[in-house]
Every structure is written in C-alpha cells, then in structure tokens.
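Student: Handing over model20.pdb, PDB, C-alpha atoms.
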MODEL        1
ATOM      1  CA  THR A 188       9.050 -27.686  25.908  1.00  0.00           C
ATOM      2  CA  LEU A 189      10.067 -24.339  24.517  1.00  0.00           C
ATOM      3  CA  PHE A 190       9.072 -25.111  20.950  1.00  0.00           C
ATOM      4  CA  ARG A 191       5.506 -26.056  20.227  1.00  0.00           C
ATOM      5  CA  SER A 192       3.869 -26.775  16.935  1.00  0.00           C
ATOM      6  CA  THR A 193       2.085 -23.947  15.159  1.00  0.00           C
ATOM      7  CA  ARG A 194      -1.257 -25.567  15.871  1.00  0.00           C
ATOM      8  CA  ASN A 195      -0.550 -25.751  19.623  1.00  0.00           C
ATOM      9  CA  ARG A 196       0.634 -22.129  19.691  1.00  0.00           C
ATOM     10  CA  HIS A 197      -2.500 -21.120  17.823  1.00  0.00           C
ATOM     11  CA  LYS A 198      -4.723 -23.015  20.269  1.00  0.00           C
ATOM     12  CA  MET A 199      -2.886 -21.540  23.262  1.00  0.00           C
ATOM     13  CA  ALA A 200      -3.079 -17.997  21.878  1.00  0.00           C
ATOM     14  CA  THR A 201      -6.781 -18.446  21.162  1.00  0.00           C
ATOM     15  CA  ALA A 202      -7.365 -19.782  24.661  1.00  0.00           C
ATOM     16  CA  VAL A 203      -5.469 -16.890  26.206  1.00  0.00           C
ATOM     17  CA  ALA A 204      -7.202 -14.307  24.030  1.00  0.00           C
ATOM     18  CA  THR A 205     -10.650 -15.614  24.844  1.00  0.00           C
ATOM     19  CA  GLY A 206      -9.962 -16.323  28.479  1.00  0.00           C
ATOM     20  CA  ALA A 207     -10.880 -19.955  28.046  1.00  0.00           C
ATOM     21  CA  PRO A 208     -10.434 -22.384  30.886  1.00  0.00           C
ATOM     22  CA  GLY A 209      -6.998 -23.964  30.860  1.00  0.00           C
ATOM     23  CA  ALA A 210      -5.393 -20.735  29.675  1.00  0.00           C
ATOM     24  CA  THR A 211      -3.846 -20.180  33.046  1.00  0.00           C
ATOM     25  CA  GLY A 212      -0.259 -21.036  33.789  1.00  0.00           C
ATOM     26  CA  ALA A 213       2.898 -19.857  32.058  1.00  0.00           C
ATOM     27  CA  ALA A 214       1.249 -18.801  28.804  1.00  0.00           C
ATOM     28  CA  ALA A 215      -1.473 -16.747  30.436  1.00  0.00           C
ATOM     29  CA  ALA A 216       0.775 -15.372  33.153  1.00  0.00           C
ATOM     30  CA  GLY A 217       3.422 -14.382  30.615  1.00  0.00           C
ATOM     31  CA  SER A 218       0.930 -12.673  28.308  1.00  0.00           C
ATOM     32  CA  LYS A 219       0.559  -8.967  28.622  1.00  0.00           C
ATOM     33  CA  GLY A 220      -3.109  -8.791  27.780  1.00  0.00           C
ATOM     34  CA  ILE A 221      -5.969  -6.762  29.108  1.00  0.00           C
ATOM     35  CA  LEU A 222      -8.570  -8.297  31.360  1.00  0.00           C
ATOM     36  CA  ILE A 223     -12.035  -7.066  30.369  1.00  0.00           C
ATOM     37  CA  GLY A 224     -14.736  -8.646  32.454  1.00  0.00           C
ATOM     38  CA  ASP A 225     -13.850 -12.301  32.731  1.00  0.00           C
ATOM     39  CA  ARG A 226     -11.941 -12.462  29.423  1.00  0.00           C
ATOM     40  CA  MET A 227      -8.266 -11.848  28.729  1.00  0.00           C
ATOM     41  CA  TYR A 228      -7.542 -10.020  25.456  1.00  0.00           C
ATOM     42  CA  SER A 229      -3.998 -10.038  24.134  1.00  0.00           C
ATOM     43  CA  GLY A 230      -1.923  -9.666  20.968  1.00  0.00           C
ATOM     44  CA  VAL A 231      -2.735 -10.574  17.423  1.00  0.00           C
ATOM     45  CA  LEU A 232      -1.674 -13.918  15.998  1.00  0.00           C
ATOM     46  CA  ILE A 233      -1.498 -14.179  12.234  1.00  0.00           C
ATOM     47  CA  THR A 234      -0.869 -17.597  10.752  1.00  0.00           C
ATOM     48  CA  LEU A 235      -1.594 -19.369   7.502  1.00  0.00           C
ATOM     49  CA  GLU A 236      -4.760 -20.710   9.104  1.00  0.00           C
ATOM     50  CA  ASN A 237      -6.324 -17.268   9.575  1.00  0.00           C
ATOM     51  CA  CYS A 238      -5.502 -15.513   6.300  1.00  0.00           C
ATOM     52  CA  LEU A 239      -6.944 -12.076   5.831  1.00  0.00           C
ATOM     53  CA  MET A 240      -8.394 -12.761   2.404  1.00  0.00           C
ATOM     54  CA  PRO A 241     -10.733 -15.689   1.755  1.00  0.00           C
ATOM     55  CA  ASP A 242      -9.876 -18.046  -1.121  1.00  0.00           C
ATOM     56  CA  VAL A 243     -13.233 -17.300  -2.768  1.00  0.00           C
ATOM     57  CA  GLN A 244     -12.354 -13.626  -3.112  1.00  0.00           C
ATOM     58  CA  CYS A 245      -8.909 -14.475  -4.508  1.00  0.00           C
ATOM     59  CA  ALA A 246     -10.337 -16.891  -7.092  1.00  0.00           C
ATOM     60  CA  HIS A 247     -13.108 -14.640  -8.443  1.00  0.00           C
ATOM     61  CA  THR A 248     -11.680 -11.187  -9.024  1.00  0.00           C
ATOM     62  CA  PRO A 249     -13.614  -8.286 -10.552  1.00  0.00           C
ATOM     63  CA  SER A 250     -11.211  -8.313 -13.522  1.00  0.00           C
ATOM     64  CA  LEU A 251     -12.144 -11.907 -14.329  1.00  0.00           C
ATOM     65  CA  SER A 252     -15.817 -10.984 -14.033  1.00  0.00           C
ATOM     66  CA  ASP A 253     -15.223  -8.190 -16.563  1.00  0.00           C
ATOM     67  CA  GLY A 254     -13.797 -10.695 -19.063  1.00  0.00           C
ATOM     68  CA  LEU A 255     -10.057 -10.244 -18.513  1.00  0.00           C
ATOM     69  CA  GLU A 256      -8.128 -13.499 -18.896  1.00  0.00           C
ATOM     70  CA  GLN A 257      -6.355 -14.950 -15.852  1.00  0.00           C
ATOM     71  CA  ASP A 258      -2.879 -14.848 -17.426  1.00  0.00           C
ATOM     72  CA  ILE A 259      -3.297 -11.198 -18.449  1.00  0.00           C
ATOM     73  CA  GLU A 260      -4.451 -10.273 -14.949  1.00  0.00           C
ATOM     74  CA  SER A 261      -1.449 -12.074 -13.448  1.00  0.00           C
ATOM     75  CA  ALA A 262       0.882 -10.254 -15.838  1.00  0.00           C
ATOM     76  CA  LEU A 263      -0.662  -6.885 -14.921  1.00  0.00           C
ATOM     77  CA  ARG A 264      -0.291  -7.662 -11.219  1.00  0.00           C
ATOM     78  CA  SER A 265       3.349  -8.574 -11.748  1.00  0.00           C
ATOM     79  CA  VAL A 266       4.124  -5.479 -13.834  1.00  0.00           C
ATOM     80  CA  GLY A 267       2.375  -3.257 -11.290  1.00  0.00           C
ATOM     81  CA  CYS A 268       4.487  -4.640  -8.444  1.00  0.00           C
ATOM     82  CA  GLU A 269       7.666  -4.295 -10.519  1.00  0.00           C
ATOM     83  CA  LEU A 270       6.769  -0.670 -11.241  1.00  0.00           C
ATOM     84  CA  ILE A 271       6.185   0.016  -7.552  1.00  0.00           C
ATOM     85  CA  GLN A 272       9.533  -1.591  -6.700  1.00  0.00           C
ATOM     86  CA  ALA A 273      11.422   0.391  -9.350  1.00  0.00           C
ATOM     87  CA  ALA A 274       9.709   3.654  -8.378  1.00  0.00           C
ATOM     88  CA  GLY A 275      10.463   3.042  -4.714  1.00  0.00           C
ATOM     89  CA  ILE A 276      14.142   2.538  -5.495  1.00  0.00           C
ATOM     90  CA  LEU A 277      14.298   5.744  -7.535  1.00  0.00           C
ATOM     91  CA  LEU A 278      12.475   7.617  -4.764  1.00  0.00           C
ATOM     92  CA  ARG A 279      14.922   6.158  -2.227  1.00  0.00           C
ATOM     93  CA  MET A 280      12.165   4.610  -0.151  1.00  0.00           C
ATOM     94  CA  PRO A 281      12.870   1.765   2.295  1.00  0.00           C
ATOM     95  CA  GLN A 282      11.937  -1.756   1.210  1.00  0.00           C
ATOM     96  CA  VAL A 283       9.122  -1.933   3.768  1.00  0.00           C
ATOM     97  CA  ALA A 284       7.424   1.044   2.072  1.00  0.00           C
ATOM     98  CA  MET A 285       7.718  -0.610  -1.336  1.00  0.00           C
ATOM     99  CA  ALA A 286       6.275  -3.840   0.059  1.00  0.00           C
ATOM    100  CA  THR A 287       3.410  -1.873   1.614  1.00  0.00           C
ATOM    101  CA  GLY A 288       2.717  -0.277  -1.764  1.00  0.00           C
ATOM    102  CA  GLN A 289       2.663  -3.692  -3.434  1.00  0.00           C
ATOM    103  CA  VAL A 290       0.245  -5.066  -0.844  1.00  0.00           C
ATOM    104  CA  LEU A 291      -2.033  -2.045  -1.320  1.00  0.00           C
ATOM    105  CA  PHE A 292      -1.871  -2.569  -5.089  1.00  0.00           C
ATOM    106  CA  GLN A 293      -2.782  -6.266  -4.851  1.00  0.00           C
ATOM    107  CA  ARG A 294      -5.603  -5.655  -2.399  1.00  0.00           C
ATOM    108  CA  PHE A 295      -7.004  -2.822  -4.538  1.00  0.00           C
ATOM    109  CA  PHE A 296      -7.281  -5.105  -7.550  1.00  0.00           C
ATOM    110  CA  TYR A 297      -8.966  -7.856  -5.550  1.00  0.00           C
ATOM    111  CA  THR A 298     -11.876  -5.444  -5.127  1.00  0.00           C
ATOM    112  CA  LYS A 299     -11.638  -3.388  -8.353  1.00  0.00           C
ATOM    113  CA  SER A 300     -11.135  -4.345 -11.980  1.00  0.00           C
ATOM    114  CA  PHE A 301      -8.098  -3.798 -14.187  1.00  0.00           C
ATOM    115  CA  VAL A 302     -10.603  -3.182 -16.978  1.00  0.00           C
ATOM    116  CA  LYS A 303     -12.005  -0.103 -15.226  1.00  0.00           C
ATOM    117  CA  HIS A 304      -8.879   1.268 -13.499  1.00  0.00           C
ATOM    118  CA  SER A 305      -5.482   2.203 -14.887  1.00  0.00           C
ATOM    119  CA  MET A 306      -2.794  -0.093 -13.534  1.00  0.00           C
ATOM    120  CA  GLU A 307      -0.195   2.675 -13.790  1.00  0.00           C
ATOM    121  CA  HIS A 308      -2.322   5.283 -12.010  1.00  0.00           C
ATOM    122  CA  VAL A 309      -3.161   2.879  -9.191  1.00  0.00           C
ATOM    123  CA  SER A 310       0.543   1.980  -8.902  1.00  0.00           C
ATOM    124  CA  MET A 311       1.380   5.663  -8.492  1.00  0.00           C
ATOM    125  CA  ALA A 312      -1.329   6.083  -5.866  1.00  0.00           C
ATOM    126  CA  CYS A 313      -0.064   3.025  -3.974  1.00  0.00           C
ATOM    127  CA  VAL A 314       3.507   4.359  -3.919  1.00  0.00           C
ATOM    128  CA  HIS A 315       2.295   7.730  -2.665  1.00  0.00           C
ATOM    129  CA  LEU A 316       0.026   6.226  -0.017  1.00  0.00           C
ATOM    130  CA  ALA A 317       2.663   3.708   1.116  1.00  0.00           C
ATOM    131  CA  SER A 318       5.182   6.512   1.529  1.00  0.00           C
ATOM    132  CA  LYS A 319       2.786   8.225   3.909  1.00  0.00           C
ATOM    133  CA  ILE A 320       1.863   5.031   5.781  1.00  0.00           C
ATOM    134  CA  GLU A 321       5.514   4.142   6.352  1.00  0.00           C
ATOM    135  CA  GLU A 322       6.350   7.741   7.319  1.00  0.00           C
ATOM    136  CA  VAL A 323       8.700   8.459   4.409  1.00  0.00           C
ATOM    137  CA  PRO A 324       6.391  10.855   2.539  1.00  0.00           C
ATOM    138  CA  ARG A 325       7.050  11.711  -1.082  1.00  0.00           C
ATOM    139  CA  ARG A 326       5.297  14.451  -3.022  1.00  0.00           C
ATOM    140  CA  VAL A 327       2.782  13.442  -5.684  1.00  0.00           C
ATOM    141  CA  ARG A 328       4.857  15.426  -8.164  1.00  0.00           C
ATOM    142  CA  ASP A 329       7.949  13.331  -7.357  1.00  0.00           C
ATOM    143  CA  VAL A 330       5.990  10.100  -7.775  1.00  0.00           C
ATOM    144  CA  ILE A 331       4.597  11.263 -11.129  1.00  0.00           C
ATOM    145  CA  ASN A 332       8.072  12.303 -12.326  1.00  0.00           C
ATOM    146  CA  VAL A 333       9.545   8.914 -11.416  1.00  0.00           C
ATOM    147  CA  PHE A 334       6.774   7.003 -13.188  1.00  0.00           C
ATOM    148  CA  HIS A 335       7.186   9.313 -16.205  1.00  0.00           C
ATOM    149  CA  ARG A 336      10.899   8.435 -16.291  1.00  0.00           C
ATOM    150  CA  LEU A 337      10.186   4.710 -15.911  1.00  0.00           C
ATOM    151  CA  ARG A 338       7.760   4.865 -18.842  1.00  0.00           C
ATOM    152  CA  GLN A 339      10.414   6.562 -20.972  1.00  0.00           C
ATOM    153  CA  LEU A 340      12.913   3.837 -20.065  1.00  0.00           C
ATOM    154  CA  ARG A 341      10.404   1.067 -20.881  1.00  0.00           C
ATOM    155  CA  GLU A 342       9.622   2.641 -24.250  1.00  0.00           C
ATOM    156  CA  LYS A 343      13.340   3.348 -24.892  1.00  0.00           C
ATOM    157  CA  ARG A 344      12.661   7.047 -25.463  1.00  0.00           C
ATOM    158  CA  LYS A 345      14.930   9.988 -24.862  1.00  0.00           C
ATOM    159  CA  PRO A 346      14.356  11.485 -21.393  1.00  0.00           C
ATOM    160  CA  THR A 347      12.189  14.589 -21.540  1.00  0.00           C
ATOM    161  CA  PRO A 348      10.875  16.650 -18.634  1.00  0.00           C
ATOM    162  CA  LEU A 349       7.254  16.369 -17.649  1.00  0.00           C
ATOM    163  CA  ILE A 350       5.284  19.421 -18.733  1.00  0.00           C
ATOM    164  CA  LEU A 351       2.930  21.007 -16.206  1.00  0.00           C
ATOM    165  CA  ASP A 352      -0.141  21.203 -18.389  1.00  0.00           C
ATOM    166  CA  PRO A 353      -3.827  20.314 -17.887  1.00  0.00           C
ATOM    167  CA  ASP A 354      -2.971  16.623 -18.498  1.00  0.00           C
ATOM    168  CA  TYR A 355      -0.527  16.726 -15.571  1.00  0.00           C
ATOM    169  CA  VAL A 356      -3.156  18.327 -13.317  1.00  0.00           C
ATOM    170  CA  SER A 357      -5.684  15.692 -14.386  1.00  0.00           C
ATOM    171  CA  LEU A 358      -3.192  12.878 -13.674  1.00  0.00           C
ATOM    172  CA  LYS A 359      -2.391  14.328 -10.258  1.00  0.00           C
ATOM    173  CA  ASN A 360      -6.106  14.492  -9.426  1.00  0.00           C
ATOM    174  CA  GLN A 361      -6.618  10.893 -10.615  1.00  0.00           C
ATOM    175  CA  ILE A 362      -3.808   9.707  -8.347  1.00  0.00           C
ATOM    176  CA  ILE A 363      -5.276  11.511  -5.368  1.00  0.00           C
ATOM    177  CA  LYS A 364      -8.710  10.035  -6.151  1.00  0.00           C
ATOM    178  CA  ALA A 365      -7.236   6.536  -6.450  1.00  0.00           C
ATOM    179  CA  GLU A 366      -5.367   7.031  -3.179  1.00  0.00           C
ATOM    180  CA  ILE A 367      -8.539   7.781  -1.242  1.00  0.00           C
ATOM    181  CA  GLY A 368     -10.449   4.949  -2.927  1.00  0.00           C
ATOM    182  CA  ARG A 369     -12.702   6.926  -5.254  1.00  0.00           C
ATOM    183  CA  ALA A 370     -11.035   5.706  -8.414  1.00  0.00           C
TER     184      ALA A 370
ENDMDL
END
Here is the file; what I need is its structure written in the form of structure tokens.
Tutor:
Amino acid sequence: TLFRSTRNRHKMATAVATGAPGATGAAAAGSKGILIGDRMYSGVLITLENCLMPDVQCAHTPSLSDGLEQDIESALRSVGCELIQAAGILLRMPQVAMATGQVLFQRFFYTKSFVKHSMEHVSMACVHLASKIEEVPRRVRDVINVFHRLRQLREKRKPTPLILDPDYVSLKNQIIKAEIGRA
C-alpha cells in the first residue's frame, strides 16, 4: 500500500539507511542514498521516536538547579518567545526566522540558567543569529532598537531614541557574546 504506519516507515528508513537485509525492493531502489562499502546511507528521518533532546535534559534544567521555580521558568520561556516573535514582526523577518530564533532561545536555556543569563539579552542574540541563519540578516543595532521600543511599549513609556553611550556599547558586546555562546 502507499500509506504505511509511522513505525513501518521508520523501520524501512532505518533498514535502508543501514543497508540491512530486506531493504531491497521499491524502498531501497527509490531512495537516493550513497553506497559506502556495503551500506546504503540516505536522508534523515525525524519522528517523535527519535527526538533531539532527551526527556532527562528537559526535566532537569540548569535554572531549576539554581533554585528557580518551574512556573517562573515556564513564564520566562514564554515571554522570551513572545519577545522574539514581536521583534521579528517589527524587523519584517519571515516566520521561519522567528521560529528559528525561538528554537535557539529554548535550546540555549536547556543548557544555561535564567538565573545567570539575561532573558532579554539572549532573546536579542537569538533574533540576530536567526536572521543570519535564515539569510535575512539584520544589524545588531536594529535588533537593539526594536527591543528598546518593545520595552518602552511594555512599560507604557513615551518612545525615546536609544542613546549611543557606553551602556549601548556594552549591550551590543553582550549580545555578540551571547550569540557565539560565551554568555
């Protein structure tokens, strides 16, 4: 049949990728893999069964280890993703770039703590990095200006321009450090 269950597709893809016996026939012949030695290597199959992040790592985050409560961490994760989404809209980035930024943000905080790293600075770094990954680059200055405006809106303050002072230079350097993983 044309439609197979996910488990059968997974088994077939694994058999084709590893060159296992029984992987011949339509599935193997139709695959455009590379034969290396006696094994056929082909595409990548991502399913719910082979998640990229183990449950253990998701359950025990560095923020929880540093004493941050689960509900506060969840709220910070949500606010960070909302900030990235809003900034992406203001920067006129495509949705795929915003989603990439949100994934980078989530993955960063599964290895680093909210207690030790500024959620807002990491959000800025994720937007900047995602813009480069998705080939719609935005300047760090533009990202900082957008986040500055979003903060003013959140705090219901009158819009004021961002002053280029030593604090701005420090913020820009922090974003660049966070982007390259030295935060």
Student: Pick from A:Phe292, A:Met227, A:Thr287, A:Ala365: nearest to Glu322 in chain A, with all atoms listed in the file counted?
Tutor: A:Thr287
Student: What's around Lys299 in chain A at 9 Å? Count all atoms listed in the file, leave out sequence neighbours fewer than 4 positions away in its own chain, and write the answer as a PDB file with C-alpha atoms, keeping the file's coordinate frame.
Tutor:
ATOM      1  CA  THR A 248     -11.680 -11.187  -9.024  1.00  0.00           C
ATOM      2  CA  PRO A 249     -13.614  -8.286 -10.552  1.00  0.00           C
ATOM      3  CA  SER A 250     -11.211  -8.313 -13.522  1.00  0.00           C
ATOM      4  CA  ARG A 294      -5.603  -5.655  -2.399  1.00  0.00           C
ATOM      5  CA  PHE A 295      -7.004  -2.822  -4.538  1.00  0.00           C
ATOM      6  CA  LYS A 303     -12.005  -0.103 -15.226  1.00  0.00           C
ATOM      7  CA  HIS A 304      -8.879   1.268 -13.499  1.00  0.00           C
TER       8      HIS A 304
END
Student: Do you know which residues the PyMOL selection byres ((chain A and resi 351-355) around 12) returns on this file, as a PyMOL selection string?
Tutor: chain A and resi 327-328+331-332+335+348-350+356-362
Student: Quick one: write out the picked residues with C-alpha atoms as a compact mmCIF listing (two decimals), keeping the file's coordinate frame?
Tutor:
# COMPACT_ATOMS: atom_id res chain seq x y z
CA VAL A 327 2.78 13.44 -5.68
CA ARG A 328 4.86 15.43 -8.16
CA ILE A 331 4.60 11.26 -11.13
CA ASN A 332 8.07 12.30 -12.33
CA HIS A 335 7.19 9.31 -16.20
CA PRO A 348 10.88 16.65 -18.63
CA LEU A 349 7.25 16.37 -17.65
CA ILE A 350 5.28 19.42 -18.73
CA VAL A 356 -3.16 18.33 -13.32
CA SER A 357 -5.68 15.69 -14.39
CA LEU A 358 -3.19 12.88 -13.67
CA LYS A 359 -2.39 14.33 -10.26
CA ASN A 360 -6.11 14.49 -9.43
CA GLN A 361 -6.62 10.89 -10.62
CA ILE A 362 -3.81 9.71 -8.35
Student: Could you pull the residues within 12 Å of His315 in chain A, counting only C-alpha atoms, minus those fewer than 6 positions along the same chain, as a ChimeraX atom specification?
Tutor: /A:271,274-275,278,280,284-285,287-289,291-292,308-309,321-331,333-334,359,362-367
Student: Atoms to include: C-alpha atoms. Write the selected residues as a short mmCIF file (atom, residue, chain, number, x, y, z; two decimals), in the frame of the given file.
Tutor:
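Below is the file again.cif, written as the result:
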data_model
loop_
_atom_site.label_atom_id
_atom_site.label_comp_id
_atom_site.auth_asym_id
_atom_site.auth_seq_id
_atom_site.Cartn_x
_atom_site.Cartn_y
_atom_site.Cartn_z
CA ILE A 271 6.18 0.02 -7.55
CA ALA A 274 9.71 3.65 -8.38
CA GLY A 275 10.46 3.04 -4.71
CA LEU A 278 12.48 7.62 -4.76
CA MET A 280 12.16 4.61 -0.15
CA ALA A 284 7.42 1.04 2.07
CA MET A 285 7.72 -0.61 -1.34
CA THR A 287 3.41 -1.87 1.61
CA GLY A 288 2.72 -0.28 -1.76
CA GLN A 289 2.66 -3.69 -3.43
CA LEU A 291 -2.03 -2.04 -1.32
CA PHE A 292 -1.87 -2.57 -5.09
CA HIS A 308 -2.32 5.28 -12.01
CA VAL A 309 -3.16 2.88 -9.19
CA GLU A 321 5.51 4.14 6.35
CA GLU A 322 6.35 7.74 7.32
CA VAL A 323 8.70 8.46 4.41
CA PRO A 324 6.39 10.86 2.54
CA ARG A 325 7.05 11.71 -1.08
CA ARG A 326 5.30 14.45 -3.02
CA VAL A 327 2.78 13.44 -5.68
CA ARG A 328 4.86 15.43 -8.16
CA ASP A 329 7.95 13.33 -7.36
CA VAL A 330 5.99 10.10 -7.78
CA ILE A 331 4.60 11.26 -11.13
CA VAL A 333 9.54 8.91 -11.42
CA PHE A 334 6.77 7.00 -13.19
CA LYS A 359 -2.39 14.33 -10.26
CA ILE A 362 -3.81 9.71 -8.35
CA ILE A 363 -5.28 11.51 -5.37
CA LYS A 364 -8.71 10.04 -6.15
CA ALA A 365 -7.24 6.54 -6.45
CA GLU A 366 -5.37 7.03 -3.18
CA ILE A 367 -8.54 7.78 -1.24
#
Student: Could you work out how far CA of Ala286 in chain A lies from CA of Asp253 in chain A, giving the answer in Å with one decimal?
Tutor: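 Straight-line distance from CA of Asp253 in chain A to CA of Ala286 in chain A works out to 27.5 Å.
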Student: From the set A:Ser305, A:Leu337, A:Leu316, A:Phe296, which residue has the shortest atom-to-atom contact distance to Leu270 in chain A, counting all atoms listed in the file?
Tutor: A:Leu337
Student: Which of these, A:Leu222, A:Val290, A:Ala273, A:Val302, has the shortest distance to Ser252 in chain A once you count only C-alpha atoms?
Tutor: A:Val302
Student: May I ask for the distance between CA of Met306 in chain A and CA of Pro281 in chain A, given in Å to one decimal place?
Tutor: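 Interatomic distance here is 22.3 Å.
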Student: Would you work out the distance separating CA of Gln282 in chain A from CA of Ala246 in chain A, expressed in Å to one decimal?
Tutor: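 Separating CA of Gln282 in chain A from CA of Ala246 in chain A is a distance of 28.2 Å.
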Student: Closest to Cys268 in chain A among A:Gln293, A:Lys343, A:Asp242, A:Ser318, using only C-alpha atoms?
Tutor: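 Residue with the minimum atom-to-atom distance to Cys268 in chain A: A:Gln293.
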Student: Using only the atoms of range 289-297 of chain A listed in the file, plus 3 Å on each side, state the axis-aligned box centre and edge lengths in Å rounded to one decimal, as lines of an AutoDock Vina configuration file.
Tutor:
center_x = -3.2
center_y = -5.0
center_z = -4.2
size_x = 17.6
size_y = 11.8
size_z = 12.7
Student: Taking only C-alpha atoms into account, which of A:Arg279, A:Ser310, A:Gly224, A:Leu251 comes nearest Thr298 in chain A?
Tutor: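 Using only C-alpha atoms, the shortest distance to Thr298 in chain A belongs to A:Leu251.
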